[in-house]
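Shown next: entry-v3.csv, given as CSV, N, CA and C atoms and all ligand atoms.
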chain,number,residue,atom,x,y,z
A,1,MET,N,-19.3,-2.0,-12.5
A,1,MET,CA,-17.8,-1.9,-12.8
A,1,MET,C,-17.6,-2.6,-14.2
A,2,SER,N,-16.9,-1.9,-15.1
A,2,SER,CA,-16.7,-2.4,-16.4
A,2,SER,C,-15.7,-3.5,-16.5
A,3,GLU,N,-15.7,-4.3,-17.6
A,3,GLU,CA,-14.8,-5.4,-17.7
A,3,GLU,C,-13.4,-4.8,-17.8
A,4,THR,N,-12.4,-5.6,-17.3
A,4,THR,CA,-11.1,-5.1,-17.3
A,4,THR,C,-10.1,-6.1,-17.9
A,5,GLU,N,-9.0,-5.7,-18.4
A,5,GLU,CA,-8.0,-6.6,-19.0
A,5,GLU,C,-7.3,-7.3,-17.9
A,6,GLU,N,-7.2,-6.7,-16.8
A,6,GLU,CA,-6.4,-7.3,-15.7
A,6,GLU,C,-7.2,-8.3,-14.9
A,7,GLY,N,-6.7,-9.5,-14.9
A,7,GLY,CA,-7.4,-10.6,-14.3
A,7,GLY,C,-7.6,-10.5,-12.8
A,8,ASP,N,-6.7,-9.8,-12.2
A,8,ASP,CA,-6.8,-9.8,-10.7
A,8,ASP,C,-7.5,-8.5,-10.2
A,9,ALA,N,-8.0,-7.7,-11.1
A,9,ALA,CA,-8.8,-6.5,-10.7
A,9,ALA,C,-10.1,-7.0,-10.2
A,10,VAL,N,-10.5,-6.6,-9.0
A,10,VAL,CA,-11.8,-7.0,-8.5
A,10,VAL,C,-12.6,-5.8,-8.1
A,11,ASP,N,-13.9,-6.1,-8.0
A,11,ASP,CA,-14.8,-5.1,-7.4
A,11,ASP,C,-14.9,-5.5,-5.9
A,12,PRO,N,-14.2,-4.7,-5.1
A,12,PRO,CA,-14.1,-5.1,-3.7
A,12,PRO,C,-15.5,-5.2,-3.0
A,13,GLY,N,-16.4,-4.5,-3.5
A,13,GLY,CA,-17.7,-4.5,-2.9
A,13,GLY,C,-18.4,-5.9,-3.0
A,14,ASP,N,-17.9,-6.7,-3.9
A,14,ASP,CA,-18.4,-8.1,-4.1
A,14,ASP,C,-17.8,-9.1,-3.2
A,15,LEU,N,-16.7,-8.7,-2.5
A,15,LEU,CA,-16.1,-9.8,-1.7
A,15,LEU,C,-16.5,-9.8,-0.3
A,16,THR,N,-16.8,-11.0,0.2
A,16,THR,CA,-17.1,-11.2,1.6
A,16,THR,C,-15.8,-11.4,2.3
A,17,ASP,N,-15.9,-11.3,3.6
A,17,ASP,CA,-14.7,-11.5,4.5
A,17,ASP,C,-14.1,-12.8,4.2
A,18,GLU,N,-14.9,-13.8,4.0
A,18,GLU,CA,-14.4,-15.2,3.7
A,18,GLU,C,-13.6,-15.2,2.4
A,19,GLU,N,-14.1,-14.5,1.4
A,19,GLU,CA,-13.4,-14.4,0.1
A,19,GLU,C,-12.1,-13.7,0.2
A,20,TRP,N,-12.1,-12.6,1.0
A,20,TRP,CA,-10.8,-11.9,1.2
A,20,TRP,C,-9.8,-12.9,1.8
A,21,ARG,N,-10.2,-13.7,2.8
A,21,ARG,CA,-9.3,-14.6,3.4
A,21,ARG,C,-8.8,-15.7,2.4
A,22,GLU,N,-9.6,-16.0,1.5
A,22,GLU,CA,-9.2,-17.0,0.4
A,22,GLU,C,-8.2,-16.4,-0.5
A,23,ARG,N,-8.4,-15.1,-0.9
A,23,ARG,CA,-7.5,-14.4,-1.8
A,23,ARG,C,-6.2,-14.1,-1.3
A,24,LEU,N,-6.1,-13.8,0.0
A,24,LEU,CA,-4.9,-13.3,0.6
A,24,LEU,C,-4.3,-14.3,1.6
A,25,SER,N,-2.9,-14.2,1.7
A,25,SER,CA,-2.3,-15.0,2.7
A,25,SER,C,-2.7,-14.5,4.1
A,26,GLU,N,-2.3,-15.2,5.1
A,26,GLU,CA,-2.6,-14.8,6.5
A,26,GLU,C,-2.1,-13.4,6.8
A,27,GLU,N,-0.8,-13.2,6.4
A,27,GLU,CA,-0.1,-12.0,6.7
A,27,GLU,C,-0.7,-10.8,5.9
A,28,GLU,N,-1.0,-11.1,4.6
A,28,GLU,CA,-1.6,-10.1,3.8
A,28,GLU,C,-3.0,-9.7,4.4
A,29,TYR,N,-3.7,-10.7,4.8
A,29,TYR,CA,-5.1,-10.4,5.3
A,29,TYR,C,-4.9,-9.5,6.6
A,30,ARG,N,-4.0,-9.9,7.4
A,30,ARG,CA,-3.8,-9.2,8.7
A,30,ARG,C,-3.5,-7.7,8.5
A,31,VAL,N,-2.6,-7.4,7.5
A,31,VAL,CA,-2.2,-6.1,7.2
A,31,VAL,C,-3.3,-5.3,6.4
A,32,LEU,N,-3.7,-5.9,5.3
A,32,LEU,CA,-4.7,-5.2,4.4
A,32,LEU,C,-6.0,-5.1,5.0
A,33,ARG,N,-6.6,-6.1,5.6
A,33,ARG,CA,-7.9,-6.1,6.0
A,33,ARG,C,-8.1,-5.8,7.5
A,34,GLU,N,-7.0,-6.0,8.3
A,34,GLU,CA,-7.2,-5.7,9.7
A,34,GLU,C,-6.2,-4.6,10.2
A,35,SER,N,-5.7,-3.8,9.2
A,35,SER,CA,-4.8,-2.7,9.5
A,35,SER,C,-3.6,-3.0,10.3
A,36,GLY,N,-3.1,-4.2,10.0
A,36,GLY,CA,-1.9,-4.6,10.7
A,36,GLY,C,-0.6,-4.0,10.1
A,37,THR,N,0.5,-4.2,10.8
A,37,THR,CA,1.8,-3.7,10.3
A,37,THR,C,2.8,-4.8,10.3
A,38,GLU,N,3.5,-4.9,9.2
A,38,GLU,CA,4.5,-6.0,9.1
A,38,GLU,C,5.7,-5.6,9.9
A,39,ALA,N,6.5,-6.5,10.4
A,39,ALA,CA,7.7,-6.2,11.2
A,39,ALA,C,8.7,-5.4,10.5
A,40,LYS,N,9.2,-4.4,11.2
A,40,LYS,CA,10.2,-3.5,10.7
A,40,LYS,C,11.4,-4.3,9.9
A,41,PHE,N,11.8,-3.7,8.8
A,41,PHE,CA,12.9,-4.3,8.0
A,41,PHE,C,12.6,-5.8,7.5
A,42,SER,N,11.4,-6.3,7.7
A,42,SER,CA,11.1,-7.6,7.3
A,42,SER,C,10.5,-7.7,5.9
A,43,GLY,N,10.0,-6.6,5.4
A,43,GLY,CA,9.3,-6.7,4.1
A,43,GLY,C,10.2,-6.9,2.9
A,44,GLU,N,9.6,-7.5,1.9
A,44,GLU,CA,10.4,-7.8,0.7
A,44,GLU,C,10.8,-6.6,-0.1
A,45,TYR,N,10.1,-5.5,0.1
A,45,TYR,CA,10.4,-4.3,-0.7
A,45,TYR,C,11.2,-3.2,0.0
A,46,VAL,N,11.6,-3.5,1.2
A,46,VAL,CA,12.3,-2.5,2.0
A,46,VAL,C,13.6,-2.0,1.2
A,47,ASP,N,14.4,-3.0,0.8
A,47,ASP,CA,15.6,-2.7,0.1
A,47,ASP,C,15.5,-3.0,-1.4
A,48,HIS,N,14.3,-2.7,-1.9
A,48,HIS,CA,14.0,-3.0,-3.3
A,48,HIS,C,13.9,-1.6,-4.0
A,49,HIS,N,14.9,-1.4,-4.9
A,49,HIS,CA,15.0,-0.1,-5.6
A,49,HIS,C,15.2,-0.2,-7.1
A,50,PRO,N,14.1,-0.6,-7.7
A,50,PRO,CA,14.2,-0.8,-9.2
A,50,PRO,C,14.2,0.6,-9.9
A,51,ASP,N,14.8,0.7,-11.1
A,51,ASP,CA,14.9,2.0,-11.8
A,51,ASP,C,13.5,2.4,-12.3
A,52,ASP,N,12.7,1.4,-12.6
A,52,ASP,CA,11.3,1.8,-13.0
A,52,ASP,C,10.4,0.7,-12.6
A,53,GLY,N,9.2,0.8,-13.1
A,53,GLY,CA,8.1,-0.1,-12.7
A,53,GLY,C,7.2,0.6,-11.7
A,54,GLU,N,6.3,-0.2,-11.2
A,54,GLU,CA,5.3,0.4,-10.3
A,54,GLU,C,4.9,-0.6,-9.2
A,55,TYR,N,4.2,-0.1,-8.2
A,55,TYR,CA,3.7,-0.9,-7.1
A,55,TYR,C,2.2,-0.9,-7.1
A,56,ARG,N,1.6,-2.1,-7.1
A,56,ARG,CA,0.1,-2.1,-7.1
A,56,ARG,C,-0.4,-2.7,-5.8
A,57,CYS,N,-1.7,-2.4,-5.6
A,57,CYS,CA,-2.3,-2.9,-4.4
A,57,CYS,C,-2.4,-4.4,-4.5
A,58,ARG,N,-1.9,-5.1,-3.5
A,58,ARG,CA,-1.9,-6.6,-3.5
A,58,ARG,C,-3.3,-7.2,-3.5
A,59,ALA,N,-4.2,-6.4,-2.9
A,59,ALA,CA,-5.6,-6.9,-2.8
A,59,ALA,C,-6.4,-6.8,-4.0
A,60,CYS,N,-6.2,-5.7,-4.8
A,60,CYS,CA,-7.1,-5.5,-6.0
A,60,CYS,C,-6.3,-5.1,-7.2
A,61,GLY,N,-5.0,-4.9,-7.2
A,61,GLY,CA,-4.3,-4.6,-8.4
A,61,GLY,C,-4.2,-3.2,-8.9
A,62,THR,N,-4.8,-2.3,-8.1
A,62,THR,CA,-4.8,-0.8,-8.4
A,62,THR,C,-3.4,-0.3,-8.4
A,63,LEU,N,-3.0,0.5,-9.3
A,63,LEU,CA,-1.7,1.1,-9.3
A,63,LEU,C,-1.6,2.2,-8.2
A,64,LEU,N,-0.6,2.0,-7.3
A,64,LEU,CA,-0.5,2.9,-6.2
A,64,LEU,C,0.7,3.8,-6.2
A,65,PHE,N,1.9,3.3,-6.5
A,65,PHE,CA,3.1,4.1,-6.5
A,65,PHE,C,4.0,3.8,-7.7
A,66,ASP,N,4.6,4.8,-8.2
A,66,ASP,CA,5.6,4.7,-9.2
A,66,ASP,C,6.9,4.4,-8.6
A,67,ALA,N,7.7,3.5,-9.1
A,67,ALA,CA,9.0,3.2,-8.5
A,67,ALA,C,9.9,4.4,-8.4
A,68,GLU,N,9.7,5.4,-9.3
A,68,GLU,CA,10.5,6.6,-9.3
A,68,GLU,C,10.4,7.4,-8.0
A,69,THR,N,9.3,7.2,-7.3
A,69,THR,CA,9.0,8.0,-6.1
A,69,THR,C,9.5,7.2,-4.8
A,70,LYS,N,10.0,6.1,-5.0
A,70,LYS,CA,10.5,5.3,-3.9
A,70,LYS,C,11.9,5.8,-3.5
A,71,TYR,N,12.1,5.9,-2.2
A,71,TYR,CA,13.4,6.3,-1.7
A,71,TYR,C,13.7,5.6,-0.4
A,72,GLU,N,15.0,5.7,-0.1
A,72,GLU,CA,15.5,5.0,1.1
A,72,GLU,C,15.3,5.9,2.3
A,73,SER,N,14.3,5.6,3.2
A,73,SER,CA,14.0,6.4,4.3
A,73,SER,C,14.7,5.9,5.6
A,74,GLY,N,15.1,4.6,5.6
A,74,GLY,CA,15.7,4.1,6.8
A,74,GLY,C,14.7,3.7,7.9
A,75,CYS,N,13.4,3.9,7.6
A,75,CYS,CA,12.4,3.6,8.6
A,75,CYS,C,12.1,2.2,8.8
A,76,GLY,N,12.5,1.3,7.8
A,76,GLY,CA,12.2,-0.1,8.0
A,76,GLY,C,11.0,-0.6,7.1
A,77,TRP,N,10.4,0.3,6.4
A,77,TRP,CA,9.3,-0.1,5.5
A,77,TRP,C,9.6,0.6,4.2
A,78,PRO,N,9.0,0.1,3.1
A,78,PRO,CA,9.1,0.8,1.8
A,78,PRO,C,8.6,2.3,2.0
A,79,ALA,N,9.3,3.2,1.4
A,79,ALA,CA,8.8,4.6,1.5
A,79,ALA,C,8.8,5.3,0.1
A,80,PHE,N,7.8,6.1,0.0
A,80,PHE,CA,7.6,6.8,-1.3
A,80,PHE,C,7.3,8.3,-1.0
A,81,TYR,N,7.7,9.2,-1.8
A,81,TYR,CA,7.4,10.6,-1.5
A,81,TYR,C,6.1,11.0,-2.2
A,82,ALA,N,5.5,10.1,-3.0
A,82,ALA,CA,4.2,10.5,-3.7
A,82,ALA,C,3.4,9.2,-4.0
A,83,ALA,N,2.1,9.3,-4.0
A,83,ALA,CA,1.2,8.3,-4.4
A,83,ALA,C,0.6,8.6,-5.7
A,84,GLU,N,0.1,7.7,-6.5
A,84,GLU,CA,-0.6,8.0,-7.7
A,84,GLU,C,-1.9,8.7,-7.2
A,85,GLU,N,-2.2,9.8,-7.9
A,85,GLU,CA,-3.3,10.6,-7.6
A,85,GLU,C,-4.6,9.8,-7.6
A,86,GLU,N,-5.5,10.0,-6.6
A,86,GLU,CA,-6.8,9.3,-6.6
A,86,GLU,C,-6.7,7.8,-6.4
A,87,SER,N,-5.5,7.2,-6.1
A,87,SER,CA,-5.4,5.8,-5.9
A,87,SER,C,-5.5,5.5,-4.4
A,88,VAL,N,-5.2,6.5,-3.6
A,88,VAL,CA,-5.2,6.3,-2.1
A,88,VAL,C,-6.1,7.3,-1.4
A,89,THR,N,-6.6,6.9,-0.3
A,89,THR,CA,-7.3,7.8,0.6
A,89,THR,C,-6.6,7.9,1.9
A,90,THR,N,-6.7,9.0,2.6
A,90,THR,CA,-6.1,9.2,3.9
A,90,THR,C,-7.1,9.6,4.9
A,91,THR,N,-6.9,9.0,6.1
A,91,THR,CA,-7.8,9.4,7.2
A,91,THR,C,-6.9,9.4,8.5
A,92,VAL,N,-7.3,10.2,9.5
A,92,VAL,CA,-6.6,10.3,10.7
A,92,VAL,C,-6.8,9.1,11.5
A,93,ASP,N,-5.7,8.5,12.0
A,93,ASP,CA,-5.8,7.3,12.8
A,93,ASP,C,-5.2,7.6,14.2
A,94,THR,N,-6.0,7.4,15.2
A,94,THR,CA,-5.5,7.7,16.5
A,94,THR,C,-5.3,6.4,17.4
A,95,SER,N,-5.2,5.3,16.7
A,95,SER,CA,-4.9,4.0,17.4
A,95,SER,C,-3.5,4.0,18.0
A,96,HIS,N,-3.3,3.1,18.9
A,96,HIS,CA,-2.0,2.9,19.6
A,96,HIS,C,-1.5,4.2,20.2
A,97,GLY,N,-2.4,5.1,20.6
A,97,GLY,CA,-1.9,6.3,21.4
A,97,GLY,C,-1.2,7.3,20.5
A,98,MET,N,-1.3,7.1,19.2
A,98,MET,CA,-0.6,8.1,18.3
A,98,MET,C,-1.6,8.7,17.4
A,99,ARG,N,-1.2,9.9,16.9
A,99,ARG,CA,-2.0,10.5,15.9
A,99,ARG,C,-1.3,10.4,14.5
A,100,ARG,N,-1.8,9.5,13.7
A,100,ARG,CA,-1.1,9.3,12.4
A,100,ARG,C,-2.1,9.4,11.3
A,101,THR,N,-1.6,9.5,10.1
A,101,THR,CA,-2.6,9.5,8.9
A,101,THR,C,-2.5,8.2,8.2
A,102,GLU,N,-3.6,7.5,8.2
A,102,GLU,CA,-3.6,6.2,7.6
A,102,GLU,C,-3.8,6.3,6.1
A,103,VAL,N,-3.2,5.4,5.4
A,103,VAL,CA,-3.3,5.4,3.9
A,103,VAL,C,-4.0,4.1,3.5
A,104,ARG,N,-5.1,4.2,2.7
A,104,ARG,CA,-5.8,3.1,2.2
A,104,ARG,C,-5.9,3.1,0.7
A,105,CYS,N,-6.1,2.0,0.1
A,105,CYS,CA,-6.4,1.9,-1.3
A,105,CYS,C,-7.8,2.5,-1.6
A,106,ALA,N,-7.8,3.4,-2.5
A,106,ALA,CA,-9.1,4.1,-2.8
A,106,ALA,C,-10.1,3.1,-3.5
A,107,ASN,N,-9.6,2.1,-4.1
A,107,ASN,CA,-10.5,1.1,-4.8
A,107,ASN,C,-11.1,0.1,-3.9
A,108,CYS,N,-10.3,-0.6,-3.0
A,108,CYS,CA,-10.8,-1.7,-2.2
A,108,CYS,C,-10.8,-1.4,-0.7
A,109,ASP,N,-10.3,-0.2,-0.4
A,109,ASP,CA,-10.3,0.3,1.0
A,109,ASP,C,-9.4,-0.6,1.9
A,110,SER,N,-8.5,-1.3,1.3
A,110,SER,CA,-7.5,-2.0,2.2
A,110,SER,C,-6.5,-1.1,2.8
A,111,HIS,N,-6.1,-1.4,4.0
A,111,HIS,CA,-5.0,-0.7,4.7
A,111,HIS,C,-3.7,-0.9,4.0
A,112,LEU,N,-3.0,0.2,3.8
A,112,LEU,CA,-1.6,0.1,3.1
A,112,LEU,C,-0.5,0.5,4.1
A,113,GLY,N,-0.7,1.6,4.8
A,113,GLY,CA,0.3,2.0,5.7
A,113,GLY,C,-0.1,3.4,6.2
A,114,HIS,N,0.9,4.3,6.5
A,114,HIS,CA,0.7,5.6,7.0
A,114,HIS,C,1.5,6.6,6.1
A,115,VAL,N,1.1,7.9,6.2
A,115,VAL,CA,1.9,8.9,5.6
A,115,VAL,C,2.3,10.0,6.6
A,116,PHE,N,3.5,10.4,6.5
A,116,PHE,CA,4.1,11.4,7.4
A,116,PHE,C,4.6,12.6,6.7
A,117,ASP,N,4.8,13.7,7.4
A,117,ASP,CA,5.2,15.0,6.7
A,117,ASP,C,6.7,15.2,6.8
A,118,ASP,N,7.5,14.1,6.9
A,118,ASP,CA,9.0,14.3,7.0
A,118,ASP,C,9.7,13.7,5.8
A,119,GLY,N,9.0,13.7,4.6
A,119,GLY,CA,9.6,13.1,3.4
A,119,GLY,C,10.4,14.2,2.7
A,120,PRO,N,11.1,13.7,1.6
A,120,PRO,CA,12.0,14.6,0.8
A,120,PRO,C,11.2,15.5,-0.2
A,121,GLU,N,11.9,16.4,-0.8
A,121,GLU,CA,11.3,17.2,-1.9
A,121,GLU,C,10.9,16.2,-3.0
A,122,PRO,N,10.0,16.5,-3.9
A,122,PRO,CA,9.3,17.8,-4.0
A,122,PRO,C,8.0,17.8,-3.1
A,123,THR,N,7.6,16.7,-2.5
A,123,THR,CA,6.3,16.7,-1.8
A,123,THR,C,6.4,16.9,-0.3
A,124,GLY,N,7.6,16.5,0.3
A,124,GLY,CA,7.7,16.6,1.7
A,124,GLY,C,7.0,15.5,2.4
A,125,LYS,N,6.4,14.5,1.7
A,125,LYS,CA,5.6,13.4,2.2
A,125,LYS,C,6.5,12.1,2.3
A,126,ARG,N,6.2,11.3,3.3
A,126,ARG,CA,6.8,10.0,3.4
A,126,ARG,C,5.6,9.0,3.5
A,127,PHE,N,5.3,8.3,2.5
A,127,PHE,CA,4.3,7.2,2.5
A,127,PHE,C,5.1,6.0,2.9
A,128,CYS,N,4.7,5.5,4.1
A,128,CYS,CA,5.4,4.4,4.8
A,128,CYS,C,4.4,3.2,4.6
A,129,ILE,N,4.8,2.3,3.7
A,129,ILE,CA,3.8,1.3,3.2
A,129,ILE,C,4.3,-0.1,3.5
A,130,ASN,N,3.4,-0.9,3.9
A,130,ASN,CA,3.8,-2.3,4.1
A,130,ASN,C,4.1,-3.1,2.8
A,131,SER,N,5.2,-3.8,2.8
A,131,SER,CA,5.5,-4.6,1.6
A,131,SER,C,4.4,-5.5,1.2
A,132,VAL,N,3.8,-6.2,2.2
A,132,VAL,CA,2.8,-7.2,1.8
A,132,VAL,C,1.5,-6.6,1.3
A,133,ALA,N,1.4,-5.3,1.4
A,133,ALA,CA,0.2,-4.6,0.9
A,133,ALA,C,0.3,-4.3,-0.6
A,134,MET,N,1.6,-4.5,-1.1
A,134,MET,CA,1.8,-4.2,-2.5
A,134,MET,C,2.4,-5.3,-3.3
A,135,GLU,N,2.3,-5.2,-4.6
A,135,GLU,CA,2.9,-6.1,-5.5
A,135,GLU,C,3.7,-5.3,-6.6
A,136,TYR,N,5.0,-5.6,-6.7
A,136,TYR,CA,5.8,-4.9,-7.7
A,136,TYR,C,5.5,-5.4,-9.1
A,137,ASP,N,5.4,-4.4,-10.0
A,137,ASP,CA,5.0,-4.7,-11.4
A,137,ASP,C,6.1,-4.0,-12.3
A,138,GLU,N,6.8,-4.8,-13.0
A,138,GLU,CA,7.9,-4.2,-13.9
A,138,GLU,C,7.4,-3.3,-15.0
A,139,GLU,N,6.2,-3.5,-15.4
A,139,GLU,CA,5.7,-2.7,-16.5
A,139,GLU,C,5.6,-1.2,-16.3
B,201,ZN,ZN,-6.8,-2.2,-3.4
Here is the file; what I need is its structure written in the form of structure tokens.
Ligand SMILES: [Zn+2]
Amino acid sequence: MSETEEGDAVDPGDLTDEEWRERLSEEEYRVLRESGTEAKFSGEYVDHHPDDGEYRCRACGTLLFDAETKYESGCGWPAFYAAEEESVTTTVDTSHGMRRTEVRCANCDSHLGHVFDDGPEPTGKRFCINSVAMEYDEE
């Protein structure tokens, strides 16, 4: 991996489980590394609707979502109708007796949330993402 300007960008392959625990708070670790879910309407970004800026992966700093794609879904978690291309990966998740599509950071493979097909135009997608999995960046 090449040198980067961003101090918090990491090569996730280099981190041990113990190092992840050191980098992240208990709640962040539970969500990002153990595929947990923050309590509904509890997240700091649920009612956060800046005019611009972006949301980055809290674990590795990768740009995930543009604030322009954030919308009020009423579901209790931050929702976006689009993700930055190639920043996230999706896989089918059949845990908890449901069939959902899990969203992970493509760089560090941390769990972010799920994506559903009931979002608004132009994509029809609803990326339902945990606040603790992201960090808002005004730039
Ligand atoms: Zn990441």
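Comparing the minimum interatomic distances between ligand ZN 201 (chain B) and each of A:Asn130, A:Thr16, A:Thr62, A:Thr94, counting only N, CA and C atoms and all ligand atoms, we find that A:Thr62 sits nearest.
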Would you give me, as an NGL selection string, the residues in segment 5-83 of chain A that DSSP reads as alpha helix (DSSP H)?
:A and (17-23 or 26-32)
Within 10 Å of ligand ZN 201 (chain B), which residues show up when you count only C-alpha atoms and all ligand atoms? List them as a compact mmCIF listing (two decimals) with N, CA and C atoms, keeping the file's coordinate frame, please.
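As written to disk, result13.txt reads:
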# COMPACT_ATOMS: atom_id res chain seq x y z
N ALA A 9 -8.00 -7.70 -11.10
CA ALA A 9 -8.80 -6.50 -10.70
C ALA A 9 -10.10 -7.00 -10.20
N VAL A 10 -10.50 -6.60 -9.00
CA VAL A 10 -11.80 -7.00 -8.50
C VAL A 10 -12.60 -5.80 -8.10
N ASP A 11 -13.90 -6.10 -8.00
CA ASP A 11 -14.80 -5.10 -7.40
C ASP A 11 -14.90 -5.50 -5.90
N PRO A 12 -14.20 -4.70 -5.10
CA PRO A 12 -14.10 -5.10 -3.70
C PRO A 12 -15.50 -5.20 -3.00
N LEU A 32 -3.70 -5.90 5.30
CA LEU A 32 -4.70 -5.20 4.40
C LEU A 32 -6.00 -5.10 5.00
N ARG A 56 1.60 -2.10 -7.10
CA ARG A 56 0.10 -2.10 -7.10
C ARG A 56 -0.40 -2.70 -5.80
N CYS A 57 -1.70 -2.40 -5.60
CA CYS A 57 -2.30 -2.90 -4.40
C CYS A 57 -2.40 -4.40 -4.50
N ARG A 58 -1.90 -5.10 -3.50
CA ARG A 58 -1.90 -6.60 -3.50
C ARG A 58 -3.30 -7.20 -3.50
N ALA A 59 -4.20 -6.40 -2.90
CA ALA A 59 -5.60 -6.90 -2.80
C ALA A 59 -6.40 -6.80 -4.00
N CYS A 60 -6.20 -5.70 -4.80
CA CYS A 60 -7.10 -5.50 -6.00
C CYS A 60 -6.30 -5.10 -7.20
N GLY A 61 -5.00 -4.90 -7.20
CA GLY A 61 -4.30 -4.60 -8.40
C GLY A 61 -4.20 -3.20 -8.90
N THR A 62 -4.80 -2.30 -8.10
CA THR A 62 -4.80 -0.80 -8.40
C THR A 62 -3.40 -0.30 -8.40
N LEU A 63 -3.00 0.50 -9.30
CA LEU A 63 -1.70 1.10 -9.30
C LEU A 63 -1.60 2.20 -8.20
N LEU A 64 -0.60 2.00 -7.30
CA LEU A 64 -0.50 2.90 -6.20
C LEU A 64 0.70 3.80 -6.20
N SER A 87 -5.50 7.20 -6.10
CA SER A 87 -5.40 5.80 -5.90
C SER A 87 -5.50 5.50 -4.40
N VAL A 88 -5.20 6.50 -3.60
CA VAL A 88 -5.20 6.30 -2.10
C VAL A 88 -6.10 7.30 -1.40
N ARG A 104 -5.10 4.20 2.70
CA ARG A 104 -5.80 3.10 2.20
C ARG A 104 -5.90 3.10 0.70
N CYS A 105 -6.10 2.00 0.10
CA CYS A 105 -6.40 1.90 -1.30
C CYS A 105 -7.80 2.50 -1.60
N ALA A 106 -7.80 3.40 -2.50
CA ALA A 106 -9.10 4.10 -2.80
C ALA A 106 -10.10 3.10 -3.50
N ASN A 107 -9.60 2.10 -4.10
CA ASN A 107 -10.50 1.10 -4.80
C ASN A 107 -11.10 0.10 -3.90
N CYS A 108 -10.30 -0.60 -3.00
CA CYS A 108 -10.80 -1.70 -2.20
C CYS A 108 -10.80 -1.40 -0.70
N ASP A 109 -10.30 -0.20 -0.40
CA ASP A 109 -10.30 0.30 1.00
C ASP A 109 -9.40 -0.60 1.90
N SER A 110 -8.50 -1.30 1.30
CA SER A 110 -7.50 -2.00 2.20
C SER A 110 -6.50 -1.10 2.80
N HIS A 111 -6.10 -1.40 4.00
CA HIS A 111 -5.00 -0.70 4.70
C HIS A 111 -3.70 -0.90 4.00
N LEU A 112 -3.00 0.20 3.80
CA LEU A 112 -1.60 0.10 3.10
C LEU A 112 -0.50 0.50 4.10
N ALA A 133 1.40 -5.30 1.40
CA ALA A 133 0.20 -4.60 0.90
C ALA A 133 0.30 -4.30 -0.60
N MET A 134 1.60 -4.50 -1.10
CA MET A 134 1.80 -4.20 -2.50
C MET A 134 2.40 -5.30 -3.30
Computed interatomic separation between atom CA of Glu138 of chain A and atom CA of Glu84 of chain A (Å):
16.1 Å
Kindly give the distance, in Å, that separates atom C of Asp47 of chain A and atom CA of Ser35 of chain A, rounded to a single decimal.
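Computing it gives 23.0 Å between the two atoms.
Across the structure, atom CA of Thr101 of chain A and atom N of Pro50 of chain A are spaced 25.6 Å apart.
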Could you tell me which of A:Glu38, A:Glu102, A:Asp117, A:Asp93 comes closest to Gly76 of chain A if we count all atoms listed in the file?
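Residue with the minimum atom-to-atom distance to Gly76 of chain A: A:Glu38.
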Show me, as a PyMOL selection string, the residues that have an atom within 9 Å of Glu44 of chain A when counting only C-alpha atoms, minus same-chain residues fewer than 5 positions from it.
chain A and resi 78+131-132
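If you measure from each of A:Ile129, A:Ser73, A:Gly113, A:Gly124 to Val92 of chain A using only C-alpha atoms, the closest one turns out to be A:Gly113.
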DSSP strand (DSSP E or B) residues within segment 69-118 of chain A, listed as a list in words
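So, restricting segment 69-118 of chain A to strand (DSSP E or B), we get Lys70, Tyr71, Ala79, Phe80, Val88, Thr89, Thr90, Thr91, Val92, Asp93, Arg100, Thr101, Glu102, Val103, Arg104, Cys105, His111, Leu112, Gly113, His114, Val115 and Phe116 of chain A.
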Return the single residue from A:His49, A:Arg23, A:Ser95, A:Thr37 that is closest to Glu72 of chain A, with distances computed using only N, CA and C atoms.
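Looking only at the distances to Glu72 of chain A, the closest residue turns out to be A:His49.
Shortest atom-to-atom contact with Ala39 of chain A among A:Met98, A:Thr90, A:Trp77, A:Ala82: A:Trp77, counting all atoms listed in the file.
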Between A:His114, A:Arg30, A:Lys40, A:Arg126, which residue has the minimum interatomic distance to Ala79 of chain A, considering all atoms listed in the file?
A:Arg126
Can you pull out every residue within 5 Å of Tyr55 of chain A, counting all atoms listed in the file, but drop anything in the same chain fewer than 5 positions away, and send it as a VMD selection string?
chain A and resid 63 to 66 135 to 137
